[in-house]
file entry.txt (compact mmCIF, C-alpha atoms)
# COMPACT_ATOMS: atom_id res chain seq x y z
CA MET X 174 26.28 -25.69 -17.66
CA ASP X 175 24.80 -24.81 -14.27
CA VAL X 176 27.51 -22.20 -13.77
CA ILE X 177 26.73 -20.58 -17.12
CA LEU X 178 23.00 -20.58 -16.37
CA PHE X 179 23.60 -19.10 -12.92
CA LEU X 180 25.99 -16.43 -14.16
CA VAL X 181 23.76 -15.33 -17.05
CA PHE X 182 20.66 -14.92 -14.91
CA ALA X 183 22.51 -13.54 -11.90
CA ILE X 184 24.02 -10.84 -14.09
CA ILE X 185 20.61 -10.08 -15.62
CA ALA X 186 19.12 -9.86 -12.12
CA VAL X 187 21.85 -7.54 -10.81
CA VAL X 188 21.78 -5.27 -13.88
CA CYS X 189 17.99 -5.03 -13.71
CA ALA X 190 18.16 -4.34 -9.95
CA ILE X 191 20.68 -1.53 -10.53
CA ASN X 192 18.32 -0.22 -13.21
CA VAL X 193 15.45 -0.24 -10.69
CA VAL X 194 17.47 1.99 -8.39
CA VAL X 195 18.98 4.42 -10.91
CA GLN X 196 16.13 4.94 -13.38
CA ASN X 197 14.33 8.24 -13.03
CA HIS X 198 10.95 7.19 -14.34
CA PRO X 199 8.87 4.77 -12.23
CA ILE X 200 7.67 2.82 -15.26
CA SER X 201 11.28 2.01 -16.22
CA SER X 202 11.90 0.82 -12.66
CA ALA X 203 8.79 -1.38 -12.82
CA ILE X 204 9.86 -3.04 -16.09
CA SER X 205 13.35 -3.64 -14.67
CA LEU X 206 11.81 -5.18 -11.57
CA VAL X 207 9.94 -7.63 -13.81
CA GLY X 208 13.34 -8.58 -15.24
CA VAL X 209 14.72 -9.22 -11.74
CA MET X 210 11.74 -11.39 -10.82
CA GLY X 211 11.88 -13.38 -14.07
CA SER X 212 15.57 -14.19 -13.71
CA LEU X 213 15.05 -15.07 -10.04
CA ALA X 214 12.37 -17.54 -11.17
CA ILE X 215 14.97 -19.25 -13.40
CA LEU X 216 17.36 -19.43 -10.42
CA TYR X 217 14.58 -20.99 -8.31
CA LEU X 218 14.22 -23.67 -11.00
CA LEU X 219 17.96 -24.26 -10.79
CA LEU X 220 17.54 -24.77 -7.02
CA GLY X 221 14.75 -27.29 -7.58
CA ALA X 222 11.90 -25.03 -6.47
CA GLU X 223 9.45 -25.65 -9.32
CA PHE X 224 6.32 -24.54 -7.51
CA ILE X 225 7.87 -21.37 -6.13
CA ALA X 226 9.30 -20.50 -9.56
CA ALA X 227 5.83 -20.77 -11.10
CA ALA X 228 4.31 -18.79 -8.23
CA GLN X 229 7.04 -16.18 -8.61
CA VAL X 230 6.17 -15.63 -12.27
CA ILE X 231 2.41 -15.70 -11.71
CA VAL X 232 2.13 -13.76 -8.45
CA TYR X 233 5.11 -11.40 -8.55
CA ALA X 234 5.86 -10.77 -12.23
CA GLY X 235 2.20 -11.12 -13.10
CA ALA X 236 -0.16 -9.84 -10.45
CA ILE X 237 1.91 -7.52 -8.26
CA MET X 238 3.78 -5.82 -11.09
CA VAL X 239 0.57 -5.34 -13.08
CA LEU X 240 -0.83 -3.63 -9.98
CA PHE X 241 2.25 -1.38 -9.83
CA VAL X 242 2.11 -0.50 -13.52
CA PHE X 243 -1.62 0.12 -13.20
CA VAL X 244 -1.11 2.58 -10.33
CA ILE X 245 1.76 4.32 -12.16
CA MET X 246 -0.46 4.76 -15.22
CA LEU X 247 -3.44 5.81 -13.12
CA LEU X 248 -1.51 8.49 -11.25
CA ASN X 249 0.31 9.56 -14.41
CA ALA X 250 3.55 9.49 -12.43
CA GLY X 251 6.26 11.44 -14.15
CA ALA X 252 10.02 11.41 -13.81
CA GLU X 253 11.34 12.03 -10.33
CA THR X 254 12.53 15.54 -9.59
CA ARG X 255 15.90 15.49 -7.92
CA LYS X 256 16.36 18.35 -5.54
CA GLY X 257 17.73 19.07 -2.12
CA ARG X 258 19.96 16.02 -1.94
CA SER X 259 22.90 16.75 0.23
CA LEU X 260 26.29 15.74 -1.09
CA MET X 261 27.42 14.54 2.33
CA VAL X 262 24.60 12.01 2.56
CA GLN X 263 25.69 10.48 -0.72
CA ALA X 264 29.35 10.61 0.26
CA VAL X 265 28.56 8.67 3.45
CA GLY X 266 25.70 6.53 2.16
CA VAL X 267 27.40 4.87 -0.79
CA PRO X 268 30.44 3.65 1.21
CA LEU X 269 28.09 2.45 3.97
CA ALA X 270 26.04 0.47 1.44
CA ILE X 271 29.22 -1.04 0.00
CA ALA X 272 30.39 -1.86 3.54
CA LEU X 273 27.07 -3.60 4.28
CA LEU X 274 27.37 -5.60 1.05
CA GLY X 275 30.99 -6.43 1.74
CA SER X 276 30.33 -7.69 5.25
CA LEU X 277 27.34 -9.77 4.09
CA ALA X 278 29.34 -11.32 1.24
CA PHE X 279 32.33 -11.93 3.51
CA PHE X 280 30.33 -13.84 6.13
CA VAL X 281 28.51 -15.81 3.44
CA GLN X 282 31.81 -16.88 1.89
CA ARG X 283 33.21 -17.75 5.31
CA LEU X 284 30.20 -19.77 6.42
CA TYR X 285 29.39 -21.73 3.25
CA PRO X 286 32.60 -22.28 1.31
CA ARG X 287 32.13 -25.84 0.05
CA ASP X 288 28.47 -26.69 -0.52
CA MET X 289 27.62 -26.95 -4.21
CA VAL X 290 24.35 -26.57 -6.12
CA HIS X 291 23.65 -28.63 -9.23
CA PHE X 292 20.44 -28.93 -11.17
CA GLY X 293 18.32 -31.84 -9.98
CA GLY X 294 20.12 -32.11 -6.66
CA PHE X 295 16.92 -31.47 -4.71
CA GLN X 296 13.67 -33.01 -5.91
CA GLY X 297 11.45 -31.99 -2.99
CA GLY X 298 10.24 -28.69 -4.40
CA SER X 299 7.43 -29.98 -6.59
CA ALA X 300 3.84 -28.85 -6.21
CA LEU X 301 3.11 -32.20 -4.55
CA ALA X 302 5.70 -31.79 -1.81
CA VAL X 303 4.92 -28.10 -1.23
CA GLY X 304 1.18 -28.77 -1.15
CA ARG X 305 1.59 -31.67 1.25
CA ALA X 306 3.63 -29.54 3.67
CA LEU X 307 1.27 -26.60 3.22
CA PHE X 308 -1.84 -28.55 4.19
CA THR X 309 -0.34 -30.57 7.03
CA THR X 310 2.52 -28.89 8.89
CA TYR X 311 1.69 -25.34 7.82
CA LEU X 312 -2.10 -25.57 7.86
CA LEU X 313 -2.59 -22.98 10.61
CA PRO X 314 -0.30 -20.35 8.99
CA PHE X 315 -2.06 -21.01 5.69
CA GLU X 316 -5.47 -20.32 7.23
CA ILE X 317 -4.12 -17.21 8.94
CA THR X 318 -2.79 -15.89 5.62
CA SER X 319 -6.27 -16.31 4.16
CA ILE X 320 -7.58 -13.99 6.90
CA LEU X 321 -4.67 -11.61 6.20
CA VAL X 322 -5.54 -11.48 2.51
CA LEU X 323 -9.20 -10.88 3.37
CA ILE X 324 -8.19 -7.97 5.62
CA ALA X 325 -5.97 -6.62 2.81
CA ILE X 326 -8.87 -6.77 0.33
CA VAL X 327 -11.21 -4.92 2.70
CA GLY X 328 -8.50 -2.40 3.58
CA ALA X 329 -7.66 -1.69 -0.05
CA ILE X 330 -11.32 -1.17 -0.92
CA VAL X 331 -11.89 1.10 2.08
CA LEU X 332 -8.79 3.17 1.30
CA ALA X 333 -9.32 3.51 -2.44
CA ARG X 334 -13.09 3.96 -2.60
CA LYS X 335 -14.72 7.19 -3.55
CA GLU X 336 -16.01 9.16 -0.59
CA LEU X 337 -19.77 8.85 -0.29
CA ASP X 338 -21.07 12.36 0.27
CA MET U 1445 33.00 -27.39 -12.66
CA THR U 1446 29.33 -27.91 -13.42
CA ALA U 1447 28.11 -27.07 -9.94
CA VAL U 1448 27.53 -23.65 -8.45
CA PRO U 1449 28.62 -22.92 -4.86
CA VAL U 1450 25.81 -22.15 -2.44
CA SER U 1451 27.67 -19.01 -1.39
CA TRP U 1452 27.20 -17.51 -4.88
CA PHE U 1453 23.46 -17.67 -4.50
CA LEU U 1454 23.67 -16.10 -1.05
CA THR U 1455 26.00 -13.39 -2.36
CA LEU U 1456 23.59 -12.63 -5.19
CA SER U 1457 20.84 -12.38 -2.61
CA ALA U 1458 22.97 -9.98 -0.55
CA VAL U 1459 23.67 -7.84 -3.63
CA LEU U 1460 19.96 -7.62 -4.47
CA PHE U 1461 19.09 -6.82 -0.85
CA VAL U 1462 21.66 -4.02 -0.64
CA LEU U 1463 20.41 -2.58 -3.94
CA GLY U 1464 16.91 -2.64 -2.47
CA VAL U 1465 18.13 -0.82 0.64
CA CYS U 1466 19.86 1.78 -1.56
CA GLY U 1467 16.70 2.29 -3.58
CA PHE U 1468 14.64 2.57 -0.41
CA LEU U 1469 16.94 5.20 1.05
CA PHE U 1470 17.94 7.21 -2.01
CA ARG U 1471 14.78 7.38 -4.07
CA ARG U 1472 12.17 10.08 -3.52
CA ASN U 1473 9.27 8.68 -5.53
CA ILE U 1474 6.91 6.75 -3.25
CA ILE U 1475 6.17 4.11 -5.90
CA THR U 1476 9.87 3.43 -6.49
CA VAL U 1477 10.42 3.16 -2.75
CA PHE U 1478 7.69 0.54 -2.73
CA MET U 1479 9.35 -1.36 -5.57
CA SER U 1480 12.61 -1.35 -3.62
CA ILE U 1481 10.78 -3.08 -0.76
CA GLU U 1482 9.60 -5.75 -3.21
CA LEU U 1483 13.20 -6.14 -4.38
CA MET U 1484 14.34 -6.75 -0.79
CA LEU U 1485 11.57 -9.32 -0.26
CA ASN U 1486 12.69 -11.12 -3.42
CA ALA U 1487 16.28 -11.21 -2.19
CA VAL U 1488 15.13 -12.77 1.09
CA ASN U 1489 13.09 -15.32 -0.86
CA LEU U 1490 16.20 -16.35 -2.78
CA THR U 1491 17.99 -16.92 0.54
CA PHE U 1492 15.12 -19.09 1.81
CA ILE U 1493 15.13 -21.22 -1.35
CA THR U 1494 18.91 -21.58 -1.28
CA PHE U 1495 18.93 -22.79 2.33
CA SER U 1496 16.04 -25.08 1.49
CA TYR U 1497 18.27 -26.65 -1.19
CA GLN U 1498 21.26 -26.84 1.10
CA LEU U 1499 19.35 -28.51 3.94
CA LYS U 1500 17.33 -30.66 1.49
CA GLN U 1501 14.07 -29.62 3.16
CA VAL U 1502 10.91 -28.15 1.73
CA ASN U 1503 10.30 -25.76 4.64
CA GLY U 1504 12.11 -22.85 3.01
CA HIS U 1505 9.75 -23.04 0.05
CA LEU U 1506 6.81 -22.63 2.39
CA PHE U 1507 8.40 -19.56 3.97
CA ALA U 1508 8.99 -18.08 0.51
CA PHE U 1509 5.36 -18.83 -0.31
CA PHE U 1510 4.14 -16.99 2.79
CA VAL U 1511 6.46 -14.07 2.02
CA MET U 1512 4.85 -13.91 -1.42
CA VAL U 1513 1.35 -13.88 0.07
CA VAL U 1514 2.27 -11.12 2.51
CA ALA U 1515 3.96 -9.16 -0.30
CA ALA U 1516 0.81 -9.38 -2.39
CA ALA U 1517 -1.36 -8.17 0.49
CA GLU U 1518 1.17 -5.43 1.26
CA ALA U 1519 1.24 -4.29 -2.38
CA ALA U 1520 -2.56 -4.09 -2.54
CA VAL U 1521 -2.89 -2.06 0.69
CA GLY U 1522 0.21 0.04 0.02
CA LEU U 1523 -0.87 1.03 -3.47
CA ALA U 1524 -4.31 1.94 -2.09
CA ILE U 1525 -2.54 4.17 0.46
CA ILE U 1526 -0.47 5.72 -2.35
CA LEU U 1527 -3.71 6.43 -4.26
CA THR U 1528 -5.21 8.10 -1.19
CA VAL U 1529 -2.07 10.16 -0.54
CA PHE U 1530 -2.02 11.29 -4.16
CA LYS U 1531 -5.71 12.19 -4.00
CA ASN U 1532 -5.20 14.32 -0.89
CA ARG U 1533 -1.80 15.88 -1.65
CA ASN U 1534 -1.44 15.69 -5.41
CA THR U 1535 2.18 14.59 -5.11
CA LEU U 1536 4.18 11.38 -5.08
CA ASN U 1537 7.32 12.87 -3.56
CA ILE U 1538 7.86 11.48 -0.05
CA ASP U 1539 9.64 14.68 1.00
CA GLU U 1540 6.41 16.62 0.54
CA VAL U 1541 4.33 14.19 2.59
CA ASN U 1542 5.51 15.41 5.98
CA SER U 1543 2.43 16.66 7.81
CA MET U 1544 3.30 14.61 10.92
CA LYS U 1545 6.68 16.33 11.13
CA ASN U 1546 5.47 19.91 11.61
call {"tool": "encode", "arguments": {"input": "entry.txt", "output": "structure tokens"}}
result
Amino acid sequence: MDVILFLVFAIIAVVCAINVVVQNHPISSAISLVGVMGSLAILYLLLGAEFIAAAQVIVYAGAIMVLFVFVIMLLNAGAETRKGRSLMVQAVGVPLAIALLGSLAFFVQRLYPRDMVHFGGFQGGSALAVGRALFTTYLLPFEITSILVLIAIVGAIVLARKELD
Amino acid sequence: MTAVPVSWFLTLSAVLFVLGVCGFLFRRNIITVFMSIELMLNAVNLTFITFSYQLKQVNGHLFAFFVMVVAAAEAAVGLAIILTVFKNRNTLNIDEVNSMKN
């Protein structure tokens, strides 16, 4: 059962991720990216990360992707024009990407051959456990991220505002 | 045969990360390049959650949470920069935004 669940959503994630890369129109890429994030949320649930799965759907698939789609609509971004791509770059780049993937997968298989994941094997990912760790061990990083988000808000407003003449 | 090996999750994460790298390097639209960065961040998050499961600790979840916060801040500022670039240059192609090169 877990294997079927993993395979279904892993395949959805990989197909959507390929779609993100190969689609010409940014809006198609954005919708595919929502698919990747949704299926990753299911995989987080399989790994026992309930809080992060919910945050993934709300923050990533909800807020961030809405921001992306909003900017794509606002700028009326059309299909990408493909020009001036050298054939040699593609001839070298694709094998290099496959080599990177192959080496990563090889070391992963070598390092973790036996450990298994089954649903319910880790119960410590609830909102209670995450919140407790967040407000005790990770209190200082949490406060620093609040300052970071404040800076991001101010920066976004300063960058995107209309010039006052 | 009901359990999934940890290495499958890590391999999936590697596949998503490499696809993000490919999108980052091959695409010319600045918004799509940005989405590729988000894809890479998601792949890293999957690795954090998987190791959190394997080590039976909640710390990986916290790291994934902070990555999400930083990604949200990055998306807000980055999209504001894209808006400004488009306002000044009227293009989204990263090949045409090269005023620091010449």
call {"tool": "atom_distance", "arguments": {"input": "entry.txt", "atom1": "atom CA of X:Gln282", "atom2": "atom CA of U:Ser1457"}}
result
12.7 Å
call {"tool": "closest_atom_pairs", "arguments": {"input": "entry.txt", "of": "chain X", "to": "chain U", "cutoff": "6 Å", "atoms": "all atoms listed in the file", "output": "JSON lines"}}
result
{"residue": "X:Met174", "atom": "CA", "partner": "U:Thr1446", "partner_atom": "CA", "distance": 5.7}
{"residue": "X:Asp175", "atom": "CA", "partner": "U:Thr1446", "partner_atom": "CA", "distance": 5.6}
{"residue": "X:Val176", "atom": "CA", "partner": "U:Val1448", "partner_atom": "CA", "distance": 5.5}
{"residue": "X:Val194", "atom": "CA", "partner": "U:Gly1467", "partner_atom": "CA", "distance": 4.9}
{"residue": "X:Pro199", "atom": "CA", "partner": "U:Thr1476", "partner_atom": "CA", "distance": 6.0}
{"residue": "X:Ala278", "atom": "CA", "partner": "U:Thr1455", "partner_atom": "CA", "distance": 5.3}
{"residue": "X:Val281", "atom": "CA", "partner": "U:Ser1451", "partner_atom": "CA", "distance": 5.9}
{"residue": "X:Gln282", "atom": "CA", "partner": "U:Ser1451", "partner_atom": "CA", "distance": 5.7}
{"residue": "X:Tyr285", "atom": "CA", "partner": "U:Ser1451", "partner_atom": "CA", "distance": 5.6}
{"residue": "X:Asp288", "atom": "CA", "partner": "U:Val1450", "partner_atom": "CA", "distance": 5.6}
{"residue": "X:Met289", "atom": "CA", "partner": "U:Pro1449", "partner_atom": "CA", "distance": 4.2}
{"residue": "X:Val290", "atom": "CA", "partner": "U:Val1448", "partner_atom": "CA", "distance": 4.9}
{"residue": "X:His291", "atom": "CA", "partner": "U:Ala1447", "partner_atom": "CA", "distance": 4.8}
{"residue": "X:Val322", "atom": "CA", "partner": "U:Ala1517", "partner_atom": "CA", "distance": 5.7}
{"residue": "X:Ala325", "atom": "CA", "partner": "U:Ala1517", "partner_atom": "CA", "distance": 5.4}
{"residue": "X:Ala329", "atom": "CA", "partner": "U:Val1521", "partner_atom": "CA", "distance": 4.8}
{"residue": "X:Leu332", "atom": "CA", "partner": "U:Ala1524", "partner_atom": "CA", "distance": 5.8}
{"residue": "X:Ala333", "atom": "CA", "partner": "U:Ala1524", "partner_atom": "CA", "distance": 5.3}
call {"tool": "atom_distance", "arguments": {"input": "entry.txt", "atom1": "atom CA of X:Gln296", "atom2": "atom CA of X:Leu220"}}
result
9.2 Å
call {"tool": "residues_near_point", "arguments": {"input": "entry.txt", "point": "(6.9, -30.2, -5.5)", "cutoff": "10 Å", "atoms": "all atoms listed in the file", "output": "tab-separated table (two decimals) with C-alpha atoms, keeping the file's coordinate frame"}}
result
chain	number	residue	atom	x	y	z
X	221	GLY	CA	14.75	-27.29	-7.58
X	222	ALA	CA	11.90	-25.03	-6.47
X	223	GLU	CA	9.45	-25.65	-9.32
X	224	PHE	CA	6.32	-24.54	-7.51
X	225	ILE	CA	7.87	-21.37	-6.13
X	296	GLN	CA	13.67	-33.01	-5.91
X	297	GLY	CA	11.45	-31.99	-2.99
X	298	GLY	CA	10.24	-28.69	-4.40
X	299	SER	CA	7.43	-29.98	-6.59
X	300	ALA	CA	3.84	-28.85	-6.21
X	301	LEU	CA	3.11	-32.20	-4.55
X	302	ALA	CA	5.70	-31.79	-1.81
X	303	VAL	CA	4.92	-28.10	-1.23
X	304	GLY	CA	1.18	-28.77	-1.15
X	305	ARG	CA	1.59	-31.67	1.25
X	306	ALA	CA	3.63	-29.54	3.67
U	1502	VAL	CA	10.91	-28.15	1.73
U	1505	HIS	CA	9.75	-23.04	0.05
call {"tool": "atom_distance", "arguments": {"input": "entry.txt", "atom1": "atom CA of X:Ser201", "atom2": "atom CA of X:Glu253"}}
result
11.6 Å
call {"tool": "closest_residue", "arguments": {"input": "entry.txt", "among": "X:Ile324, X:Val207, X:Val232, X:Cys189", "to": "U:Val1511", "atoms": "all atoms listed in the file"}}
result
X:Val232
call {"tool": "build_atoms", "arguments": {"input": "entry.txt", "residues": "stretch 1527-1544 of chain U", "atoms": "N, CA and C atoms", "output": "PDB file, in the frame of the given file"}}
result
ATOM      1  N   LEU U1527      -2.604   5.764  -3.564  1.00  0.00           N
ATOM      2  CA  LEU U1527      -3.710   6.430  -4.260  1.00  0.00           C
ATOM      3  C   LEU U1527      -4.345   7.496  -3.378  1.00  0.00           C
ATOM      4  N   THR U1528      -4.582   7.142  -2.097  1.00  0.00           N
ATOM      5  CA  THR U1528      -5.210   8.100  -1.190  1.00  0.00           C
ATOM      6  C   THR U1528      -4.318   9.306  -0.948  1.00  0.00           C
ATOM      7  N   VAL U1529      -3.010   9.053  -0.746  1.00  0.00           N
ATOM      8  CA  VAL U1529      -2.070  10.160  -0.540  1.00  0.00           C
ATOM      9  C   VAL U1529      -2.066  11.068  -1.754  1.00  0.00           C
ATOM     10  N   PHE U1530      -2.043  10.459  -2.947  1.00  0.00           N
ATOM     11  CA  PHE U1530      -2.020  11.290  -4.160  1.00  0.00           C
ATOM     12  C   PHE U1530      -3.301  12.097  -4.294  1.00  0.00           C
ATOM     13  N   LYS U1531      -4.432  11.474  -3.893  1.00  0.00           N
ATOM     14  CA  LYS U1531      -5.710  12.190  -4.000  1.00  0.00           C
ATOM     15  C   LYS U1531      -5.718  13.402  -3.075  1.00  0.00           C
ATOM     16  N   ASN U1532      -5.149  13.230  -1.867  1.00  0.00           N
ATOM     17  CA  ASN U1532      -5.200  14.320  -0.890  1.00  0.00           C
ATOM     18  C   ASN U1532      -4.110  15.355  -1.105  1.00  0.00           C
ATOM     19  N   ARG U1533      -2.947  14.964  -1.604  1.00  0.00           N
ATOM     20  CA  ARG U1533      -1.800  15.880  -1.650  1.00  0.00           C
ATOM     21  C   ARG U1533      -1.391  16.238  -3.056  1.00  0.00           C
ATOM     22  N   ASN U1534      -1.801  15.437  -4.030  1.00  0.00           N
ATOM     23  CA  ASN U1534      -1.440  15.690  -5.410  1.00  0.00           C
ATOM     24  C   ASN U1534       0.072  15.635  -5.631  1.00  0.00           C
ATOM     25  N   THR U1535       0.745  14.773  -4.897  1.00  0.00           N
ATOM     26  CA  THR U1535       2.180  14.590  -5.110  1.00  0.00           C
ATOM     27  C   THR U1535       2.557  13.154  -4.778  1.00  0.00           C
ATOM     28  N   LEU U1536       3.652  12.712  -5.392  1.00  0.00           N
ATOM     29  CA  LEU U1536       4.180  11.380  -5.080  1.00  0.00           C
ATOM     30  C   LEU U1536       5.528  11.461  -4.388  1.00  0.00           C
ATOM     31  N   ASN U1537       6.005  12.696  -4.156  1.00  0.00           N
ATOM     32  CA  ASN U1537       7.320  12.870  -3.560  1.00  0.00           C
ATOM     33  C   ASN U1537       7.211  12.684  -2.043  1.00  0.00           C
ATOM     34  N   ILE U1538       8.008  11.756  -1.484  1.00  0.00           N
ATOM     35  CA  ILE U1538       7.860  11.480  -0.050  1.00  0.00           C
ATOM     36  C   ILE U1538       8.379  12.626   0.806  1.00  0.00           C
ATOM     37  N   ASP U1539       9.187  13.537   0.219  1.00  0.00           N
ATOM     38  CA  ASP U1539       9.640  14.680   1.000  1.00  0.00           C
ATOM     39  C   ASP U1539       8.512  15.673   1.258  1.00  0.00           C
ATOM     40  N   GLU U1540       7.511  15.664   0.379  1.00  0.00           N
ATOM     41  CA  GLU U1540       6.410  16.620   0.540  1.00  0.00           C
ATOM     42  C   GLU U1540       5.276  16.060   1.386  1.00  0.00           C
ATOM     43  N   VAL U1541       5.344  14.784   1.715  1.00  0.00           N
ATOM     44  CA  VAL U1541       4.330  14.190   2.590  1.00  0.00           C
ATOM     45  C   VAL U1541       4.904  14.168   3.991  1.00  0.00           C
ATOM     46  N   ASN U1542       4.843  15.316   4.674  1.00  0.00           N
ATOM     47  CA  ASN U1542       5.510  15.410   5.980  1.00  0.00           C
ATOM     48  C   ASN U1542       4.633  16.123   6.999  1.00  0.00           C
ATOM     49  N   SER U1543       3.314  15.901   6.928  1.00  0.00           N
ATOM     50  CA  SER U1543       2.430  16.660   7.810  1.00  0.00           C
ATOM     51  C   SER U1543       2.584  16.233   9.262  1.00  0.00           C
ATOM     52  N   MET U1544       3.117  15.027   9.522  1.00  0.00           N
ATOM     53  CA  MET U1544       3.300  14.610  10.920  1.00  0.00           C
ATOM     54  C   MET U1544       4.574  15.187  11.519  1.00  0.00           C
TER      55      MET U1544
END
